[in-house]
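Here's the structure we're looking at; comments come further down.
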Amino acid sequence: MGIFESCAYGRRVEVPQKDCSHPLLRWREQAGLALLAAIPWPYGEWLEAEDRRLGRVRLTV
């Protein structure tokens with residue numbers, strides 16, 4: 001993840017990194033954003049949840 005950290009902060013980073021937390025989650029926290037809501041992992045369940053979130057009506061065959 002060092003490459004992402006380097007791009008985000010515009011500087012070199014030490015590898016291996018001491019902070020092994022996920023950089024996207026850390027950057028959300030630094031930006032004052034809340035944690036993301038949990039989503040289903042199986043593709044079919046995720047697709048249904050995403051359609052509901054976006055207000056889409058799924059066509060059934």
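A note on labels: chains of the structure tokens are A, B, ... as shown, every chain counts residues from 1, and ligands are counted from 1 in their shown order.
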Open item on the list: List as a VMD selection string the protein and nucleic acid residues near range 53-55 of chain A, meaning an atom at most 12 Å away when only C-alpha atoms are counted, but skip any in the same chain fewer than 5 places from it.
Closed with: chain A and resid 37 39 46 to 48
Would you save the residues from that selection as a JSON list (two decimals), in the first residue's frame, using C-alpha atoms?
```
[["chain", "number", "residue", "atom", "x", "y", "z"],
["A", 37, "ALA", "CA", -22.03, 0.68, 5.81],
["A", 39, "ILE", "CA", -22.56, -4.63, 2.33],
["A", 46, "TRP", "CA", -24.80, -7.31, -3.37],
["A", 47, "LEU", "CA", -26.50, -6.64, -6.72],
["A", 48, "GLU", "CA", -29.95, -6.66, -5.10]]
```
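Picture a line from CA of Leu35 in chain A to CA of Val13 in chain A; it runs 25.1 Å.
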Sorted by chain and rising residue number, list the residues of range 22-58 of chain A at most 12 Å from range 5-11 of chain A (counting only C-alpha atoms), each with its closest atom pair and distance in Å to one decimal, as CSV.
```
residue,atom,partner,partner_atom,distance
A:His22,CA,A:Glu5,CA,10.2
A:Pro23,CA,A:Glu5,CA,7.1
A:Leu24,CA,A:Glu5,CA,9.5
A:Arg26,CA,A:Glu5,CA,10.5
A:Trp27,CA,A:Ala8,CA,9.1
```
Given the selection you just returned, output its residues as a file containing N, CA and C atoms, formatted as a PDB file, in the first residue's frame.
```pdb
ATOM      1  N   HIS A  22      -5.837  -0.087   6.712  1.00  0.00           N
ATOM      2  CA  HIS A  22      -6.166   0.136   5.303  1.00  0.00           C
ATOM      3  C   HIS A  22      -6.151   1.633   5.012  1.00  0.00           C
ATOM      4  N   PRO A  23      -5.373   2.078   4.018  1.00  0.00           N
ATOM      5  CA  PRO A  23      -5.243   3.514   3.770  1.00  0.00           C
ATOM      6  C   PRO A  23      -6.552   4.197   3.390  1.00  0.00           C
ATOM      7  N   LEU A  24      -7.421   3.533   2.646  1.00  0.00           N
ATOM      8  CA  LEU A  24      -8.679   4.183   2.263  1.00  0.00           C
ATOM      9  C   LEU A  24      -9.547   4.469   3.483  1.00  0.00           C
ATOM     10  N   ARG A  26      -8.385   4.863   6.556  1.00  0.00           N
ATOM     11  CA  ARG A  26      -7.676   5.893   7.322  1.00  0.00           C
ATOM     12  C   ARG A  26      -7.914   7.274   6.716  1.00  0.00           C
ATOM     13  N   TRP A  27      -7.884   7.372   5.381  1.00  0.00           N
ATOM     14  CA  TRP A  27      -8.094   8.665   4.727  1.00  0.00           C
ATOM     15  C   TRP A  27      -9.528   9.150   4.901  1.00  0.00           C
TER      16      TRP A  27
END
```
Go through chain A and collect every residue that DSSP, computed from the backbone, puts in helix (DSSP H, G or I); the answer should be as a short mmCIF file (atom, residue, chain, number, x, y, z; two decimals) with N, CA and C atoms, in the first residue's frame.
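Result saved to selection17.cif:
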```
data_model
loop_
_atom_site.label_atom_id
_atom_site.label_comp_id
_atom_site.auth_asym_id
_atom_site.auth_seq_id
_atom_site.Cartn_x
_atom_site.Cartn_y
_atom_site.Cartn_z
N GLY A 2 2.16 1.07 0.06
CA GLY A 2 3.05 2.22 0.09
C GLY A 2 2.91 3.14 -1.11
N ILE A 3 2.62 2.57 -2.29
CA ILE A 3 2.48 3.40 -3.49
C ILE A 3 1.30 4.35 -3.35
N PHE A 4 0.20 3.89 -2.76
CA PHE A 4 -0.97 4.75 -2.58
C PHE A 4 -0.68 5.86 -1.57
N GLU A 5 -0.02 5.47 -0.50
CA GLU A 5 0.35 6.45 0.53
C GLU A 5 1.25 7.52 -0.06
N SER A 6 2.22 7.12 -0.86
CA SER A 6 3.14 8.05 -1.48
C SER A 6 2.41 9.01 -2.41
N CYS A 7 1.50 8.49 -3.21
CA CYS A 7 0.72 9.35 -4.12
C CYS A 7 -0.19 10.30 -3.35
N ALA A 8 -0.82 9.80 -2.31
CA ALA A 8 -1.77 10.63 -1.55
C ALA A 8 -1.08 11.80 -0.86
N TYR A 9 0.12 11.56 -0.33
CA TYR A 9 0.80 12.60 0.43
C TYR A 9 1.91 13.30 -0.35
N PRO A 23 -5.37 2.08 4.02
CA PRO A 23 -5.24 3.51 3.77
C PRO A 23 -6.55 4.20 3.39
N LEU A 24 -7.42 3.53 2.65
CA LEU A 24 -8.68 4.18 2.26
C LEU A 24 -9.55 4.47 3.48
N LEU A 25 -9.58 3.52 4.42
CA LEU A 25 -10.35 3.75 5.65
C LEU A 25 -9.71 4.85 6.49
N ARG A 26 -8.38 4.86 6.56
CA ARG A 26 -7.68 5.89 7.32
C ARG A 26 -7.91 7.27 6.72
N TRP A 27 -7.88 7.37 5.38
CA TRP A 27 -8.09 8.66 4.73
C TRP A 27 -9.53 9.15 4.90
N ARG A 28 -10.50 8.23 4.92
CA ARG A 28 -11.89 8.63 5.18
C ARG A 28 -11.99 9.25 6.58
N GLU A 29 -11.35 8.60 7.54
CA GLU A 29 -11.38 9.10 8.92
C GLU A 29 -10.71 10.47 9.00
N GLN A 30 -9.56 10.64 8.34
CA GLN A 30 -8.86 11.92 8.36
C GLN A 30 -9.69 13.02 7.71
N TYR A 43 -22.25 -11.98 -4.76
CA TYR A 43 -22.56 -11.05 -5.84
C TYR A 43 -24.07 -10.82 -6.00
N GLY A 44 -24.87 -11.88 -6.01
CA GLY A 44 -26.31 -11.73 -6.18
C GLY A 44 -26.93 -10.86 -5.10
N GLU A 45 -26.53 -11.09 -3.86
CA GLU A 45 -27.05 -10.30 -2.73
C GLU A 45 -26.58 -8.86 -2.84
N TRP A 46 -25.32 -8.67 -3.21
CA TRP A 46 -24.80 -7.31 -3.37
C TRP A 46 -25.56 -6.57 -4.47
N LEU A 47 -25.81 -7.26 -5.59
CA LEU A 47 -26.50 -6.64 -6.72
C LEU A 47 -27.91 -6.20 -6.32
N GLU A 48 -28.62 -7.04 -5.57
CA GLU A 48 -29.95 -6.66 -5.10
C GLU A 48 -29.88 -5.45 -4.17
N ALA A 49 -28.94 -5.45 -3.25
CA ALA A 49 -28.79 -4.32 -2.32
C ALA A 49 -28.43 -3.05 -3.07
N GLU A 50 -27.58 -3.16 -4.07
CA GLU A 50 -27.17 -1.99 -4.86
C GLU A 50 -28.34 -1.45 -5.68
N ASP A 51 -29.14 -2.34 -6.24
CA ASP A 51 -30.33 -1.91 -6.97
C ASP A 51 -31.30 -1.17 -6.04
N ARG A 52 -31.49 -1.69 -4.83
CA ARG A 52 -32.37 -1.00 -3.86
C ARG A 52 -31.79 0.37 -3.51
N ARG A 53 -30.49 0.41 -3.28
CA ARG A 53 -29.85 1.68 -2.90
C ARG A 53 -30.01 2.72 -3.99
N LEU A 54 -29.94 2.31 -5.25
CA LEU A 54 -30.04 3.23 -6.37
C LEU A 54 -31.47 3.43 -6.85
#
```
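For the pair CA of Cys20 in chain A and CA of Pro42 in chain A, the separation is 26.5 Å.
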Task: CA of Met1 in chain A to CA of Asp19 in chain A, straight-line distance in Å - done: 10.3 Å
